[in-house]
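S.K.: Please see the structure below; I have some questions.
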Amino acid sequence: MKHHLISLLIGICFCNCCFAQSMRILPYVSGTDTAYVYAAQSFMEIEEQVVLEPSTQTLTFQEFELVGNLLNSTTSLSRERSMISLDDGFFVEIRHGSNKPFGCFFNRKGYTPVPDGRNLFIRTYRYPPKQKEVFLALVEKYKRHSESRKPYLRLDSFPVNCTNVGSLTRCLFSGFRSCLYVDFYVSKDSLYAFPISYKIGYKQKKMVPTFISREYYPWEERPLSRIDQDGTLFFFNTQGEECSAKTFRHKSDEALRTLMALFPSWTQMTEQERMRMLDDFIINQSRKSDNNQ
């Protein structure tokens, strides 16, 4: 009897441990949520689509149920693989009423939940073997088949506030050269303001920029309150309190000096002109890359 009791206790502990280790790791998808579909050749294109024109295309009821069940069953014990490039597929943005949305990118290699635009700790998971063919069919249905490249999305004509200038550790995108970041808040309409960040790689000895990239954070948009006569954006934070883009302003003196060395006219520019100059650099480097191929 004693041995049976010990075995039973061990079994209960084992089951509890397994349950704790395999808990769901993504926001729960319910039947009342809305799932918007974005098709593009890269995840950056999808971020642009969310910024420019929110999708009106939604999953069918059966597709939404399939996707919801897959995401709800994704646990810490699910089979994962090293993160793949987010391209040649489609993205599902799931909105829970007024709560912060999240989404998942699907392509032929697997599915990659993207809970937060700034969260770099993301994983790609393999499709369950019995459902793989169904999801591959969904990829073929929703991915963008056109090979044409969309024109570069410019935002420098909208109200813009520069908020942060800082230094980054040497990073992969610039070949481990020195890096800066410049953050802005942009309002593309009278309803919301959202952050956008530029990463600037440069050669420290020659003090010339070598590479610039741009990242959107459309899912961190904030309801816009007003824009004052100086062009300062005021919006509501997550607590519902009004704050301005200047509230988030933080400039590293050292980073700002480096930025002015890279772009000597920086302090004489308006914030729209600063964004325009960074965008021009990105467009020119893209043209050079195309010409070298």
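Chain labels follow the order of the structure tokens: the first chain is A, the next B, and so on; residue numbering restarts at 1 in every chain, and ligands are counted from 1 in their shown order.
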So which residues touch segment 155-163 of chain A within 8 Å, counting only C-alpha atoms, skipping near sequence neighbours fewer than 4 positions away, as a ChimeraX atom specification?
M.R.: /A:182-188,231-233,245-246,248-251,271-273,275-276
S.K.: Run DSSP on the backbone of this structure and report the residues of segment 74-274 of chain A it assigns to helix (DSSP H, G or I), as a ChimeraX atom specification.
M.R.: /A:129-142,172-174,218-220,245-248,253-262,266-268,271-274
S.K.: Measuring between only C-alpha atoms, which one of A:Asn164, A:Leu59, A:Leu26, A:Lys100 shows the shortest distance to Arg123 of chain A?
M.R.: A:Leu26
S.K.: Extract the full set of strand (DSSP E) residues from segment 182-215 of chain A according to DSSP on the backbone, and format it as a list in words.
M.R.: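 Selection result, strand (DSSP E) within segment 182-215 of chain A: Val182, Asp183, Phe184, Tyr185, Val186, Tyr192, Ala193, Phe194, Pro195, Ile196, Ser197, Tyr198, Lys199, Ile200, Gly201, Tyr202, Lys203, Val208, Pro209, Thr210, Phe211, Ile212, Ser213, Arg214 and Glu215 of chain A.
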S.K.: Measure the distance from atom CA of Leu52 of chain A to atom CA of Tyr216 of chain A in Å and round it to one decimal.
M.R.: 11.3 Å
S.K.: Quick one: residues within 9 Å of Phe43 of chain A, only C-alpha atoms counted, chain neighbours fewer than 6 positions away excluded, as an MDAnalysis selection string?
M.R.: chainID A and resid 85:91 105
S.K.: Report the distance between atom CA of Ser76 of chain A and atom CA of Ala137 of chain A in Å, rounded to one decimal place.
M.R.: 26.2 Å
S.K.: Which one of A:Tyr217, A:Tyr127, A:Tyr152, A:Tyr198 sits closest to Phe106 of chain A if you count only C-alpha atoms?
M.R.: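 Ranking A:Tyr217, A:Tyr127, A:Tyr152, A:Tyr198 by distance to Phe106 of chain A, first place goes to A:Tyr127.
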